[in-house]
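The structure appears right after this line, and notes come after that.
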Amino acid sequence: MIEIKHLMKSYEKVQALNDVSFTVKKGSFFALLGPNGAGKTTCIEILSTLKRPSSGMVTIDGNLLGKRDQAIREKLGVVFQESVLDKMLTVRENLLLRGRLYKHSHDTILKKIDRLKSFIDIESFLDQRIETLSGGQRRRADLARALLNDPEILLLDEPTTGLDPQARENLWHLILKLKESTHMTIILTTHYMEEVNLADHVIILDQGMIKAEGSAEALRKNHAGYVLKFVPNDKNIVKTLKANNFTLRKHYNTYQILLKDGYEGLEILKQYRTSLGDFEILKGTMDDVFLNITGRNLRD
């Protein structure tokens, strides 16, 4: 569905994207993960035809970016980081206005709104102004707007940022229901590691470059592994473990030992159990993958 080759985008001295290449299969759920400034939003803006790349090639369902942009736009629905709905208008008025931009007739737009209002669960606040809605309600209204033109590809640029856990869960329930019922191609950018666990393919961007890619399970296997977390009850155990070439990491009063696999953790427990207090063996998470690949320094 999407093919990107050697994509470059620069802003004066800043290289936002640096030789990025990837493909997205039709009907798949694809995730772009990375810290602030990694290039995720720039990539979405290029895919949505809002920005031109400095160089490289982008093809969407056979349409070359820069040559057939209108054909590309007709296939897209986009939920941007910041809502593009008019705060002074109601949800219904916003959808009617947006529908006219797609050159739909008034009756056609009403039918689309009627179909979406129950599916996206916006019926209860359809006639409320956007400025009166909660964060979760606004996001559902944004999603309804993105679906007005029956897109084949849905671009989601950090759609759950700022939402409480319940609102995030409800929004993801809608998105997954949408994918199952329409087989739509979905591209997500996010900071929330647990959201990419649902993706068919994950790319980790950092400083405009692809640092790693694969399924969430493959990334965990290759970049996280297992850890043994413990609280020492013998002050000498840390020195002993380091002397035996174990890699340790400290977090407050808890230590972590990086393991080759879960069985290595069992062997350590068998040998040093009397010197360890509370402990647990954990399989690496996407948080571990993210930190191991992009580092632990804060980004602006």
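Just so we're on the same page: first chain in the structure tokens is A, next is B, and so on; residues restart at 1 for each chain, and ligands are numbered from 1 in the order they show up.
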Legend entry - Nearby residues (only C-alpha atoms) at most 7 Å from range 121-138 of chain A, same-chain spacing under 2 positions excluded, as a PyMOL selection string: chain A and resi 86-92+117-119+140-142+163+167
Based on the selection just made, write C-alpha atoms of those residues as a short mmCIF file (atom, residue, chain, number, x, y, z; two decimals), in the first residue's frame.
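Ended up saving to out_0.cif:
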data_model
loop_
_atom_site.label_atom_id
_atom_site.label_comp_id
_atom_site.auth_asym_id
_atom_site.auth_seq_id
_atom_site.Cartn_x
_atom_site.Cartn_y
_atom_site.Cartn_z
CA ASP A 86 -13.66 24.31 14.94
CA LYS A 87 -14.15 24.71 18.70
CA MET A 88 -17.10 27.08 18.29
CA LEU A 89 -19.12 24.64 16.16
CA THR A 90 -20.91 21.49 17.27
CA VAL A 91 -19.63 18.06 16.30
CA ARG A 92 -22.45 17.74 13.75
CA LYS A 117 -22.45 8.32 15.16
CA SER A 118 -23.13 4.91 16.68
CA PHE A 119 -19.97 3.21 15.42
CA ARG A 140 -13.72 10.43 18.92
CA ALA A 141 -15.00 13.48 17.01
CA ASP A 142 -11.57 13.79 15.33
CA LEU A 163 -6.01 11.27 27.40
CA ALA A 167 -10.37 7.44 27.33
#
Based on the backbone DSSP call, show me all residues of range 59-110 of chain A assigned strand (DSSP E), as a tab-separated table (two decimals) with C-alpha atoms, in the first residue's frame.
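Written file, out12.tsv:
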chain	number	residue	atom	x	y	z
A	59	THR	CA	4.29	5.89	-3.47
A	60	ILE	CA	0.83	5.36	-1.97
A	63	ASN	CA	0.31	7.04	-6.72
A	64	LEU	CA	3.60	8.94	-6.70
A	76	LEU	CA	-6.37	9.15	3.44
A	77	GLY	CA	-8.00	9.90	6.76
A	78	VAL	CA	-5.80	11.74	9.27
A	79	VAL	CA	-6.06	12.29	13.03
Inset, instruction - Quick one: everything within 9 Å of range 96-106 of chain A, counting only C-alpha atoms, minus sequence neighbours fewer than 4 positions away in the same chain. Send it as a list in words. - result: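 With the cut-off at 9 Å, the set is Glu74, Val91, Arg92, Leu110, Lys111, Lys112, Ile113, Arg145, Leu148 and Asn149 of chain A.
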Please produce a file of those selected residues containing C-alpha atoms, as a JSON list (two decimals), in the first residue's frame.
[["chain", "number", "residue", "atom", "x", "y", "z"],
["A", 74, "GLU", "CA", -8.70, 10.79, -1.46],
["A", 91, "VAL", "CA", -19.63, 18.06, 16.30],
["A", 92, "ARG", "CA", -22.45, 17.74, 13.75],
["A", 110, "LEU", "CA", -26.08, 13.12, 6.72],
["A", 111, "LYS", "CA", -26.06, 9.41, 5.88],
["A", 112, "LYS", "CA", -22.34, 9.17, 6.68],
["A", 113, "ILE", "CA", -22.83, 10.96, 10.01],
["A", 145, "ARG", "CA", -13.98, 13.52, 10.82],
["A", 148, "LEU", "CA", -15.96, 10.87, 6.52],
["A", 149, "ASN", "CA", -14.38, 10.11, 3.15]]
Legend entry - Residue neighbourhood Ala199 in chain A, 7 Å, only C-alpha atoms, exclusion window fewer than 4 positions, as JSON, numbers by chain: {"A": [29, 30, 31]}
Write a file of the selected residues as a CSV table (one decimal), in the first residue's frame, keeping N, CA and C atoms.
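New file out-v2.csv:
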chain,number,residue,atom,x,y,z
A,29,PHE,N,-1.4,-3.0,10.4
A,29,PHE,CA,-1.3,-2.0,11.4
A,29,PHE,C,0.2,-1.7,11.7
A,30,PHE,N,0.6,-0.5,11.3
A,30,PHE,CA,2.0,-0.2,11.2
A,30,PHE,C,2.3,0.9,12.2
A,31,ALA,N,3.4,0.8,13.0
A,31,ALA,CA,3.7,1.8,14.1
A,31,ALA,C,5.0,2.5,13.9
Inset, instruction - Output as a VMD selection string all residues of range 48-185 of chain A that backbone DSSP marks as helix (DSSP H, G or I). - result: chain A and resid 69 to 73 91 to 101 106 to 119 123 to 125 130 to 132 135 to 146 165 to 182
Inset, instruction - Record the distance separating CA of Asp61 in chain A and CA of Leu174 in chain A, expressed in Å with one decimal. - result: 24.9 Å
Inset, instruction - May I ask which of the residues A:Gln256, A:Ser48, A:Ser83, A:Asn170 is the closest one to Gly284 in chain A, counting only C-alpha atoms? - result: A:Gln256
Legend entry - range 288-294 of chain A surroundings by only C-alpha atoms, 10 Å radius, close-in-sequence under 6 positions cut, as a PyMOL selection string: chain A and resi 33-35+38+191+193+204-207+211-212+216+219-226
Inset, instruction - Would you list the contacts of Ile2 in chain A as a VMD selection string, taking every protein, DNA or RNA residue within 9 Å and counting only C-alpha atoms, but skipping same-chain residues closer than 3 positions in sequence? - result: chain A and resid 22 to 26 58 to 62
Inset, instruction - Pick out the closest residue to Glu82 in chain A from this set: A:Glu158, A:Glu280, A:Asp261, A:Glu180. Count only C-alpha atoms. - result: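 Ranked by minimum distance to Glu82 in chain A, first place goes to A:Glu158.
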Inset, instruction - May I ask which of the residues A:Leu269, A:Ser54, A:Glu152, A:Lys242 is the closest one to Glu12 in chain A, counting only C-alpha atoms? - result: A:Ser54
Inset, instruction - Compare A:Asp69, A:Asp278, A:Glu195, A:Asp287 by their minimum atom-to-atom distance to Leu156 in chain A, counting only C-alpha atoms, and give me the closest one. - result: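 Going through A:Asp69, A:Asp278, A:Glu195, A:Asp287 one by one, the smallest distance to Leu156 in chain A is for A:Glu195.
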